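Engineer: Handing over final-v4.cif, mmCIF, C-alpha atoms.
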data_start
#
loop_
_atom_site.label_atom_id
_atom_site.label_comp_id
_atom_site.auth_asym_id
_atom_site.auth_seq_id
_atom_site.Cartn_x
_atom_site.Cartn_y
_atom_site.Cartn_z
CA MET K 1 121.02 149.03 124.43
CA LEU K 2 122.56 146.08 122.65
CA THR K 3 125.29 147.22 120.32
CA LEU K 4 127.05 145.31 117.56
CA GLU K 5 130.55 146.67 118.05
CA ALA K 6 133.53 144.82 116.63
CA THR K 7 135.92 143.69 119.33
CA LYS K 8 138.43 141.49 117.54
CA PRO K 9 141.11 140.43 120.02
CA PRO K 10 144.74 139.89 119.07
CA GLN K 11 145.35 136.51 117.52
CA SER K 12 147.28 135.27 120.55
CA ASP K 13 144.41 136.10 122.94
CA GLN K 14 141.62 134.33 121.09
CA THR K 15 139.95 131.51 123.01
CA LEU K 16 137.46 130.13 120.51
CA GLY K 17 134.91 127.52 121.46
CA ARG K 18 131.36 126.32 121.08
CA VAL K 19 128.78 128.52 122.78
CA LEU K 20 125.13 127.68 123.50
CA VAL K 21 122.93 130.80 123.63
CA VAL K 22 119.61 130.22 125.40
CA GLU K 23 117.44 133.30 124.90
CA ASP K 24 113.74 133.62 124.04
CA GLU K 25 113.90 137.19 122.65
CA GLU K 26 114.69 136.79 118.97
CA LEU K 27 116.45 140.12 118.51
CA ILE K 28 118.78 139.59 121.46
CA ARG K 29 119.39 135.95 120.52
CA ASP K 30 120.26 136.79 116.90
CA THR K 31 122.42 139.76 117.92
CA ILE K 32 124.46 137.66 120.34
CA MET K 33 124.78 134.86 117.80
CA LEU K 34 125.99 137.25 115.09
CA ALA K 35 128.48 139.01 117.37
CA LEU K 36 129.99 135.78 118.68
CA SER K 37 130.08 134.20 115.23
CA GLU K 38 131.98 137.20 113.90
CA GLU K 39 134.50 136.70 116.69
CA GLY K 40 135.06 133.15 115.52
CA TYR K 41 132.95 131.20 118.02
CA ASP K 42 130.80 128.26 116.96
CA VAL K 43 127.33 129.29 118.20
CA GLN K 44 124.31 127.11 118.83
CA VAL K 45 121.00 128.64 119.92
CA ALA K 46 117.87 127.62 121.81
CA GLU K 47 114.77 129.80 122.00
CA ASP K 48 113.25 128.29 125.13
CA GLY K 49 114.15 126.17 128.12
CA ARG K 50 112.72 122.98 126.72
CA MET K 51 114.82 123.22 123.57
CA ALA K 52 117.92 123.96 125.64
CA LEU K 53 117.19 120.98 127.87
CA ASP K 54 117.02 118.71 124.83
CA ILE K 55 120.41 119.97 123.67
CA LEU K 56 122.04 119.70 127.09
CA THR K 57 120.82 116.18 127.77
CA GLN K 58 122.01 114.71 124.48
CA PRO K 59 125.00 112.49 125.30
CA ASP K 60 128.33 113.30 123.72
CA ASP K 61 129.64 110.36 121.71
CA SER K 62 133.18 111.12 122.87
CA ASP K 63 132.78 111.09 126.65
CA GLY K 64 129.07 110.95 127.57
CA SER K 65 129.05 114.54 128.79
CA SER K 66 125.70 116.19 129.46
CA THR K 67 126.82 119.23 127.46
CA PRO K 68 128.04 117.71 124.16
CA GLY K 69 130.98 119.75 122.90
CA ILE K 70 129.73 122.95 124.56
CA ASP K 71 132.38 125.19 126.13
CA LEU K 72 130.14 127.99 127.43
CA ILE K 73 126.43 128.57 128.07
CA ILE K 74 124.86 132.03 127.83
CA LEU K 75 121.60 131.57 129.68
CA ASP K 76 118.65 133.94 130.01
CA LEU K 77 116.97 133.87 133.41
CA MET K 78 113.36 134.16 132.22
CA LEU K 79 112.55 131.43 129.68
CA PRO K 80 109.37 129.65 128.55
CA TYR K 81 108.71 126.08 129.73
CA VAL K 82 111.91 125.64 131.78
CA ASN K 83 113.45 128.76 133.31
CA GLY K 84 117.14 129.62 133.44
CA LEU K 85 117.51 128.92 137.16
CA ASP K 86 116.21 125.37 136.79
CA LEU K 87 118.43 124.73 133.77
CA CYS K 88 121.44 125.98 135.71
CA ARG K 89 120.55 123.75 138.66
CA LEU K 90 120.27 120.75 136.35
CA VAL K 91 123.68 121.30 134.78
CA ARG K 92 125.36 121.68 138.16
CA HIS K 93 123.45 118.76 139.67
CA GLN K 94 124.95 116.57 136.96
CA GLY K 95 128.40 117.69 138.06
CA ASP K 96 129.17 119.63 134.88
CA SER K 97 131.51 122.60 135.36
CA VAL K 98 130.85 124.20 131.95
CA PRO K 99 130.96 128.00 132.45
CA ILE K 100 127.52 129.66 132.61
CA LEU K 101 126.92 133.36 131.96
CA MET K 102 123.44 134.28 133.14
CA LEU K 103 121.47 137.12 131.52
CA SER K 104 118.56 138.94 133.12
CA ALA K 105 116.59 142.15 132.97
CA LYS K 106 116.50 141.95 136.78
CA GLY K 107 119.51 143.77 138.18
CA SER K 108 118.94 143.73 141.94
CA GLU K 109 121.54 142.28 144.29
CA THR K 110 119.10 139.54 145.33
CA ASP K 111 118.65 138.39 141.74
CA ARG K 112 122.41 138.29 141.17
CA VAL K 113 122.97 136.29 144.34
CA VAL K 114 120.24 133.80 143.39
CA GLY K 115 121.85 133.30 140.00
CA LEU K 116 125.24 132.67 141.59
CA GLU K 117 123.72 130.39 144.23
CA VAL K 118 122.34 127.98 141.64
CA GLY K 119 125.73 127.72 139.95
CA ALA K 120 126.15 130.54 137.44
CA ASP K 121 129.75 131.72 137.01
CA ASP K 122 128.89 135.28 136.00
CA TYR K 123 125.82 137.52 135.70
CA LEU K 124 125.09 140.24 133.14
CA THR K 125 122.15 142.63 133.42
CA LYS K 126 120.15 143.74 130.37
CA PRO K 127 120.63 145.98 128.51
CA PHE K 128 124.30 145.32 127.81
CA GLY K 129 126.84 146.00 125.07
CA MET K 130 128.39 143.32 122.93
CA LYS K 131 131.90 144.37 123.91
CA GLU K 132 131.21 143.56 127.54
CA LEU K 133 129.45 140.29 126.76
CA ILE K 134 132.30 139.10 124.52
CA ALA K 135 134.89 140.13 127.11
CA ARG K 136 133.06 138.16 129.80
CA CYS K 137 132.77 135.12 127.52
CA ARG K 138 136.47 135.28 126.75
CA ALA K 139 137.36 135.56 130.44
CA LEU K 140 135.12 132.65 131.46
CA LEU K 141 136.59 130.40 128.78
CA ARG K 142 140.17 131.36 129.71
CA ARG K 143 139.62 130.62 133.39
CA HIS K 144 137.88 127.34 132.70
CA ARG K 145 140.53 126.05 130.31
CA HIS K 146 143.66 127.18 132.12
CA SER K 147 142.77 126.86 135.81
CA GLN K 148 144.86 124.25 137.58
CA PRO K 149 144.32 122.55 140.95
CA PRO K 150 146.53 124.21 143.58
CA SER K 151 147.68 121.00 145.22
CA PHE K 152 150.32 118.33 144.76
CA GLU K 153 149.45 115.44 147.06
CA SER K 154 146.97 112.73 146.13
CA THR K 155 145.13 112.63 149.48
CA LEU K 156 144.51 115.35 152.05
CA ARG K 157 143.22 114.63 155.56
CA PHE K 158 142.10 116.87 158.40
CA ASN K 159 140.40 115.31 161.42
CA ASP K 160 137.39 113.42 159.99
CA ILE K 161 137.58 114.93 156.49
CA THR K 162 139.46 113.10 153.73
CA LEU K 163 139.87 114.57 150.23
CA TYR K 164 141.00 112.31 147.36
CA GLN K 165 142.42 114.68 144.77
CA GLN K 166 142.81 112.33 141.83
CA GLU K 167 139.33 110.89 142.32
CA CYS K 168 137.64 114.22 143.17
CA ARG K 169 135.98 112.61 146.19
CA VAL K 170 135.47 113.86 149.73
CA MET K 171 134.60 111.78 152.79
CA VAL K 172 133.20 113.42 155.91
CA ARG K 173 132.77 111.32 159.05
CA GLY K 174 132.84 108.17 156.93
CA ASP K 175 130.25 109.34 154.38
CA GLU K 176 130.96 110.57 150.86
CA ILE K 177 129.57 114.03 150.11
CA ASN K 178 128.73 115.58 146.75
CA LEU K 179 130.62 118.79 145.94
CA SER K 180 130.47 121.01 142.88
CA PRO K 181 133.80 121.54 141.03
CA LYS K 182 134.37 124.95 142.65
CA GLU K 183 133.38 123.70 146.11
CA PHE K 184 135.89 120.89 145.70
CA ARG K 185 138.67 123.27 144.64
CA ILE K 186 137.96 125.66 147.52
CA LEU K 187 138.10 122.82 150.05
CA GLU K 188 141.24 121.45 148.39
CA LEU K 189 142.92 124.84 148.71
CA PHE K 190 141.88 125.19 152.36
CA MET K 191 143.05 121.69 153.28
CA SER K 192 146.37 122.27 151.49
CA HIS K 193 146.97 125.29 153.75
CA PRO K 194 145.28 124.64 157.12
CA ARG K 195 144.99 127.60 159.49
CA ARG K 196 145.86 130.08 156.76
CA VAL K 197 143.43 133.01 156.40
CA TRP K 198 142.22 133.64 152.85
CA SER K 199 140.54 136.89 151.84
CA ARG K 200 137.70 136.92 149.31
CA GLU K 201 140.03 138.51 146.77
CA GLN K 202 142.65 135.79 147.25
CA LEU K 203 140.04 133.04 146.88
CA ILE K 204 138.67 134.63 143.70
CA GLU K 205 142.22 134.87 142.31
CA ARG K 206 143.00 131.21 143.06
CA ILE K 207 139.64 129.58 142.27
CA TRP K 208 137.86 131.84 139.75
CA GLY K 209 140.97 133.41 138.22
CA PRO K 210 142.20 136.99 137.73
CA ASP K 211 139.72 137.69 134.92
CA PHE K 212 136.65 137.12 137.12
CA MET K 213 134.17 139.96 136.60
CA GLY K 214 131.41 138.83 138.95
CA ASP K 215 130.46 139.76 142.49
CA SER K 216 132.77 138.81 145.39
CA LYS K 217 129.63 137.63 147.22
CA THR K 218 129.93 134.41 145.23
CA VAL K 219 132.72 133.47 147.67
CA ASP K 220 130.34 133.81 150.62
CA VAL K 221 127.75 131.71 148.79
CA HIS K 222 130.22 128.86 148.18
CA ILE K 223 131.51 129.00 151.77
CA ARG K 224 127.94 128.67 153.01
CA TRP K 225 127.37 125.65 150.75
CA LEU K 226 130.56 124.01 152.03
CA ARG K 227 129.58 124.59 155.64
CA GLU K 228 126.22 122.94 155.03
CA LYS K 229 128.02 119.85 153.73
CA LEU K 230 130.97 119.72 156.13
CA GLU K 231 129.79 121.02 159.47
CA LYS K 232 127.67 119.25 162.05
CA ASP K 233 126.13 122.65 162.84
CA PRO K 234 126.68 125.13 159.96
CA SER K 235 125.63 128.03 162.20
CA ARG K 236 128.55 127.19 164.53
CA PRO K 237 131.28 126.03 162.13
CA GLU K 238 134.27 124.05 163.42
CA TYR K 239 136.16 123.78 160.14
CA LEU K 240 135.38 126.81 157.97
CA THR K 241 135.52 129.79 160.28
CA THR K 242 135.16 133.50 159.55
CA VAL K 243 138.01 135.79 160.59
CA ARG K 244 136.22 139.11 160.76
CA GLY K 245 137.81 141.83 158.69
CA PHE K 246 140.16 139.36 156.96
CA GLY K 247 138.37 136.41 155.37
CA TYR K 248 138.04 132.67 155.97
CA ARG K 249 140.20 130.01 157.63
CA PHE K 250 140.10 126.22 157.62
CA GLY K 251 140.93 124.34 160.79
#
What is this file in structure tokens?

Structural biologist:
Amino acid sequence: MLTLEATKPPQSDQTLGRVLVVEDEELIRDTIMLALSEEGYDVQVAEDGRMALDILTQPDDSDGSSTPGIDLIILDLMLPYVNGLDLCRLVRHQGDSVPILMLSAKGSETDRVVGLEVGADDYLTKPFGMKELIARCRALLRRHRHSQPPSFESTLRFNDITLYQQECRVMVRGDEINLSPKEFRILELFMSHPRRVWSREQLIERIWGPDFMGDSKTVDVHIRWLREKLEKDPSRPEYLTTVRGFGYRFG
């Protein structure tokens, strides 16, 4: 069951920010809002997908972002009007890397994978305790704010792939391809260390950060997406290859 347990972190570990809670169940929505507010977060709520969509598509006066001033989204999977999966797809389609914690009463592996496939950063199954939710929020915000690109050069090239680090652009066989922020960082890491084998755990450490609490299968999901965008035949990859028992290698 949901529990309102105080989990005040030490002052030095606080990572406060603005959180959008999208949840149609009033009790859960109000409980999350109260718990996060008591921790010091600025919480905004939406009771259905349509209301959340209105909030997320309002331009930010400062930089035109699709998520005005929002540092984290807590998103229920099953919502009226516009469901959580579609909202998540929309945010990622617009290129926004704001962390998304997806909530669902469905706890099967398939449901978790689907949530990660559409761009969620973490997945929490109902019922859950407030301590765990707050810990996951804190971890997501820390990773998002303090993660740094692992590279130093401005342009990386490998055969017919060119990656422009400062511009966050990738050209494949003369055509520009659209990558999500994490897809870009994974490819950047691979191209910075060609032929090196990376395990799932190493990729999670470098891309998602040491506080990642989600499923390691998210690595496989992102590798599959990259293959679909990079490879002529994703079923027979030339660039991103699997080294059985070890992990993945580029080149």

Engineer: Find the spatial neighbours of Glu25 (chain K), counting all atoms listed in the file, within a cut-off of 10 Å - ignore same-chain residues fewer than 6 positions away - and output them as a list in words.

Structural biologist: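 Selected residues are Glu47, Asp48, Asp76 and Leu79 of chain K.
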
Engineer: Pick from K:Ser199, K:Ser216, K:Ser97, K:Thr57: nearest to Arg145 (chain K), with all atoms listed in the file counted?

Structural biologist: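 For Arg145 (chain K), the nearest of the given residues is K:Ser97.
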
Engineer: Quote the spacing between CA of Arg157 (chain K) and CA of Glu201 (chain K) in Å to one decimal place.

Structural biologist: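 CA of Arg157 (chain K) sits 25.6 Å away from CA of Glu201 (chain K).
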
Engineer: Rank nothing, just name the residue among K:Arg136, K:Arg236, K:Arg196, K:Arg185 nearest to Cys168 (chain K), using all atoms listed in the file.

Structural biologist: K:Arg185

Engineer: Identify which of the residues K:Arg249, K:Lys217, K:Arg169, K:Arg227 lies closest to Glu109 (chain K), counting only C-alpha atoms when measuring atom-to-atom distances.

Structural biologist: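 For Glu109 (chain K), the nearest of the given residues is K:Lys217.
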
Engineer: Pick the closest to Leu16 (chain K) from K:Val243, K:Leu226, K:Val43, K:Leu101: which is it, counting all atoms listed in the file?

Structural biologist: K:Val43

Engineer: Do you know which residues lie at most 12 Å from (125.5, 128.2, 140.0), with coordinates as in the file and all atoms listed in the file counted, and could you write them as a VMD selection string?

Structural biologist: chain K and resid 73 75 84 to 93 95 to 102 112 to 123 180 to 183 218 to 219 221 to 222 225

Engineer: Expand the PyMOL selection byres ((chain K and resi 244) around 12) into the individual residues it matches in the shown file, reporting them as a PyMOL selection string.

Structural biologist: chain K and resi 197-200+241-243+245-249

Engineer: Would you mind exporting C-alpha atoms of the selected residues as a PDB file, keeping the file's coordinate frame?

Structural biologist:
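Saved file result.pdb follows:
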ATOM      1  CA  VAL K 197     143.430 133.010 156.400  1.00  0.00           C
ATOM      2  CA  TRP K 198     142.220 133.640 152.850  1.00  0.00           C
ATOM      3  CA  SER K 199     140.540 136.890 151.840  1.00  0.00           C
ATOM      4  CA  ARG K 200     137.700 136.920 149.310  1.00  0.00           C
ATOM      5  CA  THR K 241     135.520 129.790 160.280  1.00  0.00           C
ATOM      6  CA  THR K 242     135.160 133.500 159.550  1.00  0.00           C
ATOM      7  CA  VAL K 243     138.010 135.790 160.590  1.00  0.00           C
ATOM      8  CA  GLY K 245     137.810 141.830 158.690  1.00  0.00           C
ATOM      9  CA  PHE K 246     140.160 139.360 156.960  1.00  0.00           C
ATOM     10  CA  GLY K 247     138.370 136.410 155.370  1.00  0.00           C
ATOM     11  CA  TYR K 248     138.040 132.670 155.970  1.00  0.00           C
ATOM     12  CA  ARG K 249     140.200 130.010 157.630  1.00  0.00           C
TER      13      ARG K 249
END

Engineer: Between K:Arg173, K:Lys126, K:Arg50, K:Lys106, which one has atoms that come closest to Glu231 (chain K), using all atoms listed in the file?

Structural biologist: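 Looking only at the distances to Glu231 (chain K), the closest residue turns out to be K:Arg173.
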
Engineer: Just want the 12 Å neighbourhood of Glu167 (chain K), counted on only C-alpha atoms, with same-chain residues fewer than 4 positions away dropped. Output as a list in words.

Structural biologist: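 That gives Ser154, Thr155, Leu156, Thr162, Leu163, Met171, Glu176 and Phe184 of chain K.
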
Engineer: Just C-alpha atoms for this one: save the residues we selected as an mmCIF file, keeping the file's coordinate frame.

Structural biologist:
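This is the output file selection.cif:
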data_model
loop_
_atom_site.group_PDB
_atom_site.id
_atom_site.type_symbol
_atom_site.label_atom_id
_atom_site.label_comp_id
_atom_site.auth_asym_id
_atom_site.auth_seq_id
_atom_site.Cartn_x
_atom_site.Cartn_y
_atom_site.Cartn_z
ATOM 1 C CA SER K 154 146.970 112.730 146.130
ATOM 2 C CA THR K 155 145.130 112.630 149.480
ATOM 3 C CA LEU K 156 144.510 115.350 152.050
ATOM 4 C CA THR K 162 139.460 113.100 153.730
ATOM 5 C CA LEU K 163 139.870 114.570 150.230
ATOM 6 C CA MET K 171 134.600 111.780 152.790
ATOM 7 C CA GLU K 176 130.960 110.570 150.860
ATOM 8 C CA PHE K 184 135.890 120.890 145.700
#

Engineer: Give the answer as one residue: which of K:Lys131, K:Leu56, K:Arg138, K:Gly251 has the shortest atom-to-atom distance to His193 (chain K), using only C-alpha atoms?

Structural biologist: K:Gly251

Engineer: Expand the PyMOL selection byres ((chain K and resi 32) around 10) into the explicit residue set it covers here, and present it as a ChimeraX atom specification.

Structural biologist: /K:2-4,21,23,26-31,33-38,43,45,74,129-130,133-134

Engineer: Between CA of Gly49 (chain K) and CA of Glu228 (chain K), what is the distance in Å, rounded to a tenth?

Structural biologist: 29.7 Å

Engineer: I'd like the box whose edges run along x, y and z of the file and which contains every listed atom of region 188-200 of chain K, padded by 5 Å per side; could you state its centre and edge lengths in Å, one decimal, as JSON?

Structural biologist:
{"center_x": 142.3, "center_y": 129.2, "center_z": 153.9, "size_x": 19.3, "size_y": 25.5, "size_z": 21.1}

Engineer: In Å, with one decimal, what is the gap from CA of Val22 (chain K) to CA of Ala46 (chain K)?

Structural biologist: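 Straight-line distance from CA of Val22 (chain K) to CA of Ala46 (chain K) works out to 4.8 Å.
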
Engineer: Starting from the point (134.8, 136.8, 136.9), work out which residues of protein, DNA or RNA have an atom no more than 8 Å away when counting only C-alpha atoms; state them as a PDB file with C-alpha atoms, keeping the file's coordinate frame.

Structural biologist:
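Saved result, out_30.pdb, follows:
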ATOM      1  CA  ASP K 121     129.750 131.720 137.010  1.00  0.00           C
ATOM      2  CA  ASP K 122     128.890 135.280 136.000  1.00  0.00           C
ATOM      3  CA  ARG K 136     133.060 138.160 129.800  1.00  0.00           C
ATOM      4  CA  ALA K 139     137.360 135.560 130.440  1.00  0.00           C
ATOM      5  CA  LEU K 140     135.120 132.650 131.460  1.00  0.00           C
ATOM      6  CA  TRP K 208     137.860 131.840 139.750  1.00  0.00           C
ATOM      7  CA  GLY K 209     140.970 133.410 138.220  1.00  0.00           C
ATOM      8  CA  PRO K 210     142.200 136.990 137.730  1.00  0.00           C
ATOM      9  CA  ASP K 211     139.720 137.690 134.920  1.00  0.00           C
ATOM     10  CA  PHE K 212     136.650 137.120 137.120  1.00  0.00           C
ATOM     11  CA  MET K 213     134.170 139.960 136.600  1.00  0.00           C
ATOM     12  CA  GLY K 214     131.410 138.830 138.950  1.00  0.00           C
ATOM     13  CA  ASP K 215     130.460 139.760 142.490  1.00  0.00           C
TER      14      ASP K 215
END

Engineer: Name all residues at most 9 Å from Lys229 (chain K) (count only C-alpha atoms; drop same-chain ones fewer than 6 positions away) and give them as a PDB file with C-alpha atoms, keeping the file's coordinate frame.

Structural biologist:
ATOM      1  CA  VAL K 172     133.200 113.420 155.910  1.00  0.00           C
ATOM      2  CA  ILE K 177     129.570 114.030 150.110  1.00  0.00           C
ATOM      3  CA  ASN K 178     128.730 115.580 146.750  1.00  0.00           C
ATOM      4  CA  LEU K 179     130.620 118.790 145.940  1.00  0.00           C
TER       5      LEU K 179
END

Engineer: Any idea what's packed within 7 Å of Asp42 (chain K), counting only C-alpha atoms, ignoring anything in its chain fewer than 4 positions away? Could you give it as a VMD selection string?

Structural biologist: chain K and resid 17 to 19 37
